[in-house]
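**Student:** Just one file: target-v4.tsv, with TSV, C-alpha atoms.
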chain	number	residue	atom	x	y	z
F	819	PRO	CA	124.72	149.05	185.60
F	820	MET	CA	123.09	148.55	182.25
F	821	THR	CA	119.60	147.06	182.09
F	822	THR	CA	117.76	145.58	179.16
F	823	ALA	CA	114.07	146.23	178.82
F	824	ILE	CA	111.93	143.18	178.16
F	825	PRO	CA	109.68	143.89	175.18
F	826	ALA	CA	105.96	143.85	175.86
F	827	THR	CA	105.50	141.28	173.10
F	828	ALA	CA	107.58	138.79	175.16
F	829	THR	CA	105.62	139.26	178.40
F	830	ALA	CA	102.17	139.34	176.85
F	831	PRO	CA	101.85	135.56	176.33
F	832	VAL	CA	102.93	134.97	179.94
F	833	ALA	CA	100.38	137.45	181.23
F	834	VAL	CA	97.64	135.86	179.14
F	835	ALA	CA	98.63	132.39	180.39
F	836	VAL	CA	98.59	133.52	184.05
F	837	ALA	CA	95.22	135.20	183.56
F	838	GLY	CA	93.86	132.04	181.91
F	839	ILE	CA	95.01	129.89	184.82
F	840	ALA	CA	93.39	132.28	187.29
F	841	VAL	CA	90.11	132.19	185.35
F	842	VAL	CA	90.13	128.39	185.22
F	843	ILE	CA	90.88	127.99	188.94
F	844	GLY	CA	88.52	130.76	190.02
F	845	GLY	CA	85.77	129.61	187.69
F	846	GLY	CA	86.12	126.02	188.88
F	847	ALA	CA	85.67	127.13	192.47
F	848	LEU	CA	82.39	128.81	191.53
F	849	ILE	CA	80.86	125.71	189.90
F	850	PRO	CA	78.43	124.10	192.37
F	851	THR	CA	78.78	120.45	193.39
F	852	PRO	CA	75.22	119.47	194.37
F	853	THR	CA	74.72	116.38	196.48
F	854	ALA	CA	71.00	116.30	197.25
F	855	GLY	CA	69.00	113.38	195.88
F	856	ARG	CA	66.57	110.59	196.66
F	857	PRO	CA	68.20	108.39	199.34
F	858	VAL	CA	68.92	104.76	198.48
F	859	THR	CA	70.75	102.15	200.55
F	860	VAL	CA	73.44	100.34	198.58
F	861	ALA	CA	75.93	97.54	199.22
F	862	VAL	CA	79.26	96.81	197.55
F	863	ILE	CA	80.82	93.35	197.85
F	864	GLN	CA	84.58	92.71	197.65
F	865	GLY	CA	85.04	88.96	197.86
F	866	ASN	CA	88.85	88.97	197.50
F	867	VAL	CA	90.97	86.41	195.66
F	868	PRO	CA	92.46	83.21	197.12
F	869	ARG	CA	96.11	82.70	197.97
F	870	LEU	CA	98.52	81.88	195.20
F	871	GLY	CA	99.06	78.26	194.22
F	872	LEU	CA	95.58	77.23	193.19
F	873	ASP	CA	95.08	75.93	189.68
F	874	PHE	CA	93.22	78.18	187.26
F	875	LEU	CA	89.86	76.42	187.50
F	876	GLY	CA	90.12	76.23	191.27
F	877	GLN	CA	90.89	79.93	191.44
F	878	ARG	CA	87.79	80.79	189.44
F	879	LYS	CA	85.62	78.67	191.73
F	880	ALA	CA	87.22	80.17	194.82
F	881	VAL	CA	86.68	83.76	193.63
F	882	LEU	CA	83.01	83.09	192.93
F	883	ASN	CA	82.58	81.33	196.28
F	884	ASN	CA	84.18	84.31	198.06
F	885	HIS	CA	81.59	86.71	196.62
F	886	VAL	CA	78.76	84.29	197.29
F	887	GLN	CA	79.89	83.84	200.90
F	888	ARG	CA	80.26	87.59	201.53
F	889	THR	CA	76.72	88.11	200.22
F	890	HIS	CA	75.32	85.40	202.51
F	891	GLU	CA	77.16	87.06	205.40
F	892	LEU	CA	75.62	90.41	204.44
F	893	ALA	CA	72.16	88.82	204.44
F	894	ALA	CA	72.77	87.28	207.86
F	895	ARG	CA	73.92	90.60	209.34
F	896	VAL	CA	70.87	92.33	207.89
F	897	ARG	CA	68.56	89.75	209.46
F	898	ALA	CA	70.36	90.21	212.77
F	899	GLY	CA	69.80	93.97	212.60
F	900	LYS	CA	73.54	94.71	212.45
F	901	LEU	CA	73.40	96.33	208.99
F	902	ALA	CA	70.74	98.26	207.12
F	903	ARG	CA	68.96	96.29	204.43
F	904	PRO	CA	70.33	97.37	201.03
F	905	GLU	CA	68.05	98.04	198.09
F	906	LEU	CA	70.69	96.90	195.61
F	907	VAL	CA	74.04	95.09	195.70
F	908	VAL	CA	77.04	95.37	193.37
F	909	TRP	CA	79.59	92.64	192.71
F	910	PRO	CA	82.84	93.38	190.83
F	911	GLU	CA	84.10	92.46	187.40
F	912	ASN	CA	85.15	88.78	187.20
F	913	ALA	CA	83.25	87.87	190.35
F	914	SER	CA	82.29	84.78	188.33
F	915	ASP	CA	84.66	83.66	185.59
F	916	LEU	CA	82.44	80.59	185.32
F	917	ASP	CA	79.64	81.23	182.82
F	918	PRO	CA	76.43	81.09	184.89
F	919	TYR	CA	74.36	80.45	181.76
F	920	THR	CA	76.19	77.19	181.01
F	921	GLU	CA	77.59	76.16	184.43
F	922	PRO	CA	74.73	74.90	186.65
F	923	ASP	CA	76.83	75.07	189.82
F	924	ALA	CA	77.76	78.70	189.18
F	925	TYR	CA	74.14	79.60	188.44
F	926	ALA	CA	72.93	77.89	191.61
F	927	ALA	CA	75.57	79.57	193.78
F	928	ILE	CA	74.83	83.07	192.45
F	929	ASP	CA	71.07	82.58	192.53
F	930	GLY	CA	71.18	81.29	196.11
F	931	ALA	CA	73.15	84.32	197.28
F	932	VAL	CA	70.85	86.77	195.48
F	933	ARG	CA	67.75	85.09	196.88
F	934	ASP	CA	69.25	85.20	200.37
F	935	ILE	CA	69.85	88.96	200.30
F	936	GLY	CA	66.48	89.38	198.55
F	937	VAL	CA	67.36	92.38	196.33
F	938	PRO	CA	68.78	92.72	192.80
F	939	VAL	CA	72.53	92.17	192.48
F	940	LEU	CA	74.73	93.43	189.64
F	941	VAL	CA	76.94	90.41	188.96
F	942	GLY	CA	80.23	90.69	187.06
F	943	ALA	CA	80.68	87.52	184.99
F	944	LEU	CA	82.41	86.15	181.91
F	945	THR	CA	80.05	84.48	179.44
F	946	ASP	CA	80.38	82.81	176.07
F	947	THR	CA	78.97	84.46	172.96
F	948	PRO	CA	76.14	82.46	171.34
F	949	ASP	CA	78.54	81.00	168.75
F	950	GLY	CA	81.09	80.09	171.43
F	951	LYS	CA	83.91	81.81	169.54
F	952	LYS	CA	84.36	84.80	171.87
F	953	VAL	CA	83.87	85.83	175.49
F	954	GLU	CA	81.75	88.67	176.87
F	955	ASN	CA	82.65	90.65	179.98
F	956	ARG	CA	79.20	91.28	181.45
F	957	GLY	CA	77.53	93.12	184.26
F	958	ILE	CA	74.32	91.11	184.78
F	959	VAL	CA	71.25	92.33	186.66
F	960	TRP	CA	70.30	89.30	188.77
F	961	ASP	CA	66.85	89.44	190.33
F	962	PRO	CA	66.01	87.35	193.42
F	963	ARG	CA	62.80	86.15	191.76
F	964	GLY	CA	63.47	86.24	188.03
F	965	GLY	CA	67.17	85.37	187.93
F	966	PRO	CA	69.51	86.91	185.32
F	967	GLY	CA	67.95	89.62	183.18
F	968	ASP	CA	69.32	92.79	181.61
F	969	TYR	CA	73.09	93.05	181.15
F	970	TYR	CA	75.89	95.30	179.94
F	971	VAL	CA	78.86	94.07	177.88
F	972	LYS	CA	82.17	95.89	178.20
F	973	ARG	CA	82.66	98.12	175.18
F	974	HIS	CA	86.44	98.58	175.43
F	975	PRO	CA	88.24	95.22	175.87
F	976	VAL	CA	91.93	95.53	176.73
F	977	PRO	CA	94.31	94.74	173.83
F	978	PHE	CA	96.71	91.85	174.55
F	979	GLY	CA	94.77	91.11	177.73
F	980	GLU	CA	91.21	90.57	176.53
F	981	TYR	CA	91.78	90.38	172.81
F	982	LEU	CA	94.82	89.82	170.61
F	983	PRO	CA	95.43	92.06	167.59
F	984	PHE	CA	97.05	90.29	164.62
F	985	ARG	CA	96.41	86.97	166.34
F	986	ASP	CA	97.51	84.68	163.49
F	987	VAL	CA	100.92	86.33	163.24
F	988	LEU	CA	101.67	87.06	166.90
F	989	THR	CA	100.79	83.64	168.30
F	990	LYS	CA	103.40	82.10	166.00
F	991	LEU	CA	106.06	84.50	167.28
F	992	ILE	CA	105.17	84.74	170.99
F	993	LYS	CA	103.91	81.55	172.62
F	994	ARG	CA	102.75	83.42	175.72
F	995	PHE	CA	99.84	84.80	173.73
F	996	GLU	CA	98.33	81.33	173.73
F	997	ARG	CA	97.10	82.25	177.22
F	998	VAL	CA	94.50	84.41	175.48
F	999	PRO	CA	92.81	81.63	173.46
F	1000	ARG	CA	89.68	83.61	172.60
F	1001	ASP	CA	89.05	87.29	172.03
F	1002	PHE	CA	86.55	89.24	174.08
F	1003	ALA	CA	83.56	90.58	172.15
F	1004	ARG	CA	82.88	94.31	172.17
F	1005	GLY	CA	79.60	95.49	173.64
F	1006	ASP	CA	77.48	97.77	171.49
F	1007	ARG	CA	74.96	99.34	173.88
F	1008	SER	CA	74.79	101.61	176.89
F	1009	GLY	CA	75.33	100.37	180.44
F	1010	VAL	CA	72.24	102.13	181.85
F	1011	MET	CA	70.10	99.44	183.50
F	1012	ARG	CA	67.40	99.19	186.14
F	1013	LEU	CA	68.76	97.79	189.39
F	1014	GLY	CA	66.14	97.72	192.11
F	1015	PRO	CA	64.78	101.23	192.76
F	1016	VAL	CA	67.25	103.13	190.55
F	1017	ASP	CA	68.80	103.25	187.11
F	1018	VAL	CA	72.51	102.54	187.33
F	1019	GLY	CA	75.08	103.51	184.74
F	1020	ASP	CA	77.66	100.73	184.53
F	1021	VAL	CA	81.21	100.90	183.20
F	1022	ILE	CA	83.72	98.08	183.55
F	1023	CYS	CA	87.30	98.55	184.75
F	1024	PHE	CA	89.22	101.31	182.97
F	1025	GLU	CA	86.22	102.36	180.91
F	1026	VAL	CA	85.98	104.91	183.72
F	1027	ALA	CA	88.82	106.69	181.90
F	1028	TYR	CA	86.74	107.22	178.73
F	1029	ASP	CA	84.84	110.52	178.76
F	1030	LYS	CA	82.30	109.44	176.16
F	1031	GLU	CA	81.33	106.17	177.87
F	1032	VAL	CA	80.98	107.70	181.34
F	1033	ARG	CA	79.02	110.66	180.02
F	1034	ASP	CA	76.72	108.22	178.23
F	1035	VAL	CA	75.88	106.23	181.38
F	1036	ALA	CA	75.65	109.36	183.56
F	1037	ARG	CA	71.99	109.34	182.53
F	1038	GLY	CA	71.60	106.82	185.34
F	1039	ASP	CA	70.81	107.84	188.93
F	1040	VAL	CA	73.93	106.13	190.31
F	1041	LEU	CA	77.18	105.24	188.54
F	1042	VAL	CA	78.91	101.87	188.95
F	1043	VAL	CA	82.50	100.85	188.21
F	1044	GLN	CA	82.97	97.06	188.21
F	1045	THR	CA	86.65	96.20	188.17
F	1046	ASN	CA	89.18	93.44	188.76
F	1047	ASN	CA	92.53	94.79	189.97
F	1048	ALA	CA	93.95	91.54	191.32
F	1049	THR	CA	96.73	91.39	188.71
F	1050	TYR	CA	97.76	94.96	189.55
F	1051	GLY	CA	97.40	94.75	193.31
F	1052	ARG	CA	99.59	97.00	195.46
F	1053	THR	CA	100.64	99.08	192.47
F	1054	SER	CA	99.62	102.63	191.56
F	1055	LEU	CA	96.69	101.36	189.47
F	1056	PRO	CA	93.98	100.80	192.14
F	1057	PRO	CA	94.47	104.26	193.75
F	1058	GLN	CA	94.57	105.80	190.28
F	1059	GLN	CA	91.25	104.20	189.41
F	1060	ILE	CA	89.70	105.48	192.64
F	1061	ALA	CA	90.97	108.99	191.83
F	1062	MET	CA	89.35	108.75	188.38
F	1063	SER	CA	86.09	107.62	189.97
F	1064	ARG	CA	86.10	110.55	192.40
F	1065	LEU	CA	86.62	112.91	189.49
F	1066	ARG	CA	83.70	111.34	187.60
F	1067	ALA	CA	81.49	111.66	190.67
F	1068	VAL	CA	82.05	115.42	190.80
F	1069	GLU	CA	81.94	115.80	187.02
F	1070	HIS	CA	78.50	114.21	186.71
F	1071	GLY	CA	77.09	114.86	190.18
F	1072	ARG	CA	76.52	111.16	190.82
F	1073	THR	CA	77.25	108.69	193.60
F	1074	ILE	CA	79.76	106.14	192.30
F	1075	LEU	CA	79.97	102.56	193.55
F	1076	VAL	CA	83.37	101.00	192.82
F	1077	ALA	CA	83.29	97.22	193.22
F	1078	ALA	CA	86.75	95.62	192.93
F	1079	THR	CA	87.48	91.91	193.18
F	1080	SER	CA	90.45	92.40	195.51
F	1081	GLY	CA	90.36	96.16	196.13
F	1082	ILE	CA	90.16	99.05	196.18
F	1083	SER	CA	86.36	99.12	196.47
F	1084	ALA	CA	84.65	102.36	197.44
F	1085	ILE	CA	81.45	104.32	197.76
F	1086	VAL	CA	81.97	107.89	196.54
F	1087	ALA	CA	79.51	110.73	197.14
F	1088	PRO	CA	78.50	113.10	194.30
F	1089	ASP	CA	80.91	115.76	195.64
F	1090	GLY	CA	83.85	113.32	195.52
F	1091	ARG	CA	83.83	112.59	199.26
F	1092	MET	CA	84.81	109.02	200.18
F	1093	VAL	CA	81.89	107.47	202.06
F	1094	ALA	CA	83.62	104.07	202.32
F	1095	ARG	CA	86.93	102.66	201.12
F	1096	SER	CA	88.28	99.11	201.43
F	1097	GLY	CA	91.81	97.84	201.77
F	1098	GLU	CA	93.43	95.57	199.20
F	1099	PHE	CA	93.41	91.77	199.30
F	1100	VAL	CA	90.86	91.59	202.11
F	1101	PRO	CA	87.16	90.71	201.97
F	1102	ALA	CA	84.94	93.75	202.46
F	1103	VAL	CA	81.24	94.55	202.62
F	1104	GLN	CA	80.27	98.21	202.37
F	1105	VAL	CA	76.75	99.45	203.08
F	1106	ALA	CA	75.72	103.10	202.93
F	1107	ARG	CA	72.74	105.34	202.32
F	1108	VAL	CA	73.57	107.60	199.38
F	1109	PRO	CA	71.78	110.09	197.12
F	1110	ALA	CA	70.42	108.94	193.77
F	1111	ARG	CA	70.35	111.97	191.46
F	1112	THR	CA	68.75	112.73	188.11
F	1113	SER	CA	69.68	116.38	187.50
F	1114	ARG	CA	72.37	117.08	184.92
F	1115	THR	CA	75.58	118.97	185.64
F	1116	LEU	CA	77.25	121.73	183.64
F	1117	SER	CA	79.74	119.12	182.41
F	1118	ASP	CA	76.90	116.93	181.12
F	1119	ARG	CA	75.47	119.86	179.17
F	1120	LEU	CA	78.75	121.10	177.71
F	1121	GLY	CA	80.09	117.66	176.79
F	1122	GLU	CA	83.39	117.77	174.88
F	1123	ALA	CA	83.14	121.47	174.00
F	1124	PRO	CA	85.56	122.74	176.73
F	1125	GLU	CA	88.20	120.21	175.67
F	1126	TRP	CA	88.00	121.32	172.04
F	1127	VAL	CA	88.09	124.99	173.05
F	1128	LEU	CA	91.15	124.48	175.26
F	1129	ALA	CA	92.88	122.47	172.55
F	1130	ALA	CA	92.18	125.24	170.04
F	1131	LEU	CA	93.48	127.89	172.45
F	1132	GLY	CA	96.62	125.83	172.96
F	1133	LEU	CA	97.23	125.70	169.21
F	1134	VAL	CA	96.58	129.43	168.89
F	1135	ALA	CA	98.99	130.17	171.75
F	1136	ALA	CA	101.69	127.97	170.21
F	1137	GLY	CA	101.20	129.65	166.84
F	1138	ALA	CA	101.36	133.10	168.43
F	1139	ALA	CA	104.57	132.19	170.24
F	1140	VAL	CA	106.20	131.00	167.02
F	1141	TRP	CA	105.05	134.10	165.17
F	1142	SER	CA	106.29	136.41	167.96
F	1143	THR	CA	109.69	134.68	168.06
F	1144	SER	CA	110.13	134.93	164.30
F	1145	ARG	CA	109.25	138.65	164.37
F	1146	ARG	CA	111.82	139.32	167.06
F	1147	ASN	CA	114.46	137.40	165.13
F	1148	GLU	CA	113.68	139.41	162.00
F	1149	GLY	CA	114.02	142.61	164.02
F	1150	ASN	CA	117.48	141.57	165.19
Kindly return the structure encoded in the file as structure tokens.

**Tutor:**
Amino acid sequence: PMTTAIPATATAPVAVAVAGIAVVIGGGALIPTPTAGRPVTVAVIQGNVPRLGLDFLGQRKAVLNNHVQRTHELAARVRAGKLARPELVVWPENASDLDPYTEPDAYAAIDGAVRDIGVPVLVGALTDTPDGKKVENRGIVWDPRGGPGDYYVKRHPVPFGEYLPFRDVLTKLIKRFERVPRDFARGDRSGVMRLGPVDVGDVICFEVAYDKEVRDVARGDVLVVQTNNATYGRTSLPPQQIAMSRLRAVEHGRTILVAATSGISAIVAPDGRMVARSGEFVPAVQVARVPARTSRTLSDRLGEAPEWVLAALGLVAAGAAVWSTSRRNEGN
């Protein structure tokens, strides 16, 4: 039977690609994933959301009360010796949709819970901007003695969910957009804040997907993801967000505390191991002793360089394939 030899120019790109994959996989296996660090005891609160049917204001009050109650329960269990005393506590995004700076009842409820546990709590809350025209999605450091202090404002609000592009035009065409009466303001500073004995690097919700923002806050000793997944419960989104958080833990060599309003909340070790993981639509209190780390990883040092190099190699490979194909066609 007749056989046709495959020209070397056709197999070369395949060989290069296979070799590149082997280098990437083999090289990745050689990169260390350090986990040693100063131990710190942390707590993550998942208050859960109420059953359907409550009016909007009632739902906001119920969500806040759920997180307040879980924190009081944590304090009681600590006093009873059933749980280790945490050195810091993290609440999720939207734990209080009532502005604690302007709502005395919300302030009193949060402050009472923080004083009861006796350590700083990172509180997720919605607050008005000073001019009252926009809303800020904040992570607020709440001290048991000094009350609300430092805070981080979400830098990437969600379009059509937290702000409305082309508002004047779209609200006339689609009445549903009236449910977003005010745009969320964009934060303009880093989420690295002092929370008890450590510096935490805070990102809110799917900011965990942004390389630049997570790399920025990886200067902290522990990373925090405050999120509200109630609208997307029992979909692929909560597990996806946990997977992203595990990747970030390994990438930056940091413990990550994921606090979700209704789940999935988690405590992730610097090597990506799941120390604790909650279910969805259940209250949960997670307490663990985890490493707080300050050393930088290879990823921190290289930054975006590998992405640009791989993108450039992809373009070169595509160009080489086009050039090789055109040469073969000319030869025929």

**Student:** Leaving out Gly1071 in chain F and any residue of its chain fewer than 4 positions from it, which residues lie within 8 Å of it when counting all atoms listed in the file, given as a ChimeraX atom specification?

**Tutor:** /F:851-853,1066-1067,1088-1089,1111,1114-1115

**Student:** Separation of CA of Leu1116 in chain F and CA of Asp1029 in chain F, in Å?

**Tutor:**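 The value is 14.4 Å.
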
**Student:** Sorted by chain and rising residue number, list the residues of range 1009-1040 of chain F at most 12 Å from range 941-955 of chain F (counting all atoms listed in the file), each with its closest atom pair and distance in Å to one decimal, as JSON lines.

**Tutor:**
{"residue": "F:Leu1013", "atom": "CA", "partner": "F:Val941", "partner_atom": "CA", "distance": 11.0}
{"residue": "F:Asp1020", "atom": "CA", "partner": "F:Gly942", "partner_atom": "CA", "distance": 10.7}
{"residue": "F:Val1021", "atom": "CA", "partner": "F:Asn955", "partner_atom": "CA", "distance": 10.8}
{"residue": "F:Ile1022", "atom": "CA", "partner": "F:Asn955", "partner_atom": "CA", "distance": 8.3}
{"residue": "F:Cys1023", "atom": "CA", "partner": "F:Asn955", "partner_atom": "CA", "distance": 10.3}

**Student:** Please identify all polymer residues within 6 Å of range 1099-1104 of chain F, counting all atoms listed in the file, omitting same-chain residues fewer than 6 positions from it, and present them as a count of residues only.

**Tutor:** 7

**Student:** Excluding Gln1044 in chain F and residues on its chain fewer than 6 positions from it, collect all residues at most 12 Å away from it, counting only C-alpha atoms, and give them as an MDAnalysis selection string.

**Tutor:** chainID F and resid 862:864 907:913 940:943 955:958 970:972 1009 1018:1026 1059:1060 1063 1074:1084

**Student:** Figure out the distance between CA of Pro962 in chain F and CA of Leu882 in chain F, please, to one decimal in Å.

**Tutor:**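 A separation of 17.5 Å between them.
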
**Student:** In the coordinate frame of the file, compute which residues have an atom within 12 Å of (65.6, 84.9, 186.7) when using all atoms listed in the file, and state them as number ranges by chain.

**Tutor:** F: 918-919, 925-926, 928-930, 932-933, 938-939, 958-968

**Student:** So, counting all atoms listed in the file, which residue among F:Ala898, F:Val860, F:Ala924, F:Ala1110 is closest to Asp1017 in chain F?

**Tutor:**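 So, comparing all the options, the nearest one is F:Ala1110.
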
**Student:** Compute the distance from (71.1, 105.4, 202.5) to each atom, counting all atoms listed in the file, keep the residues with any atom at most 6 Å away, and return them as an NGL selection string; use the coordinates of the file.

**Tutor:** :F and (857-859 or 1106-1108)
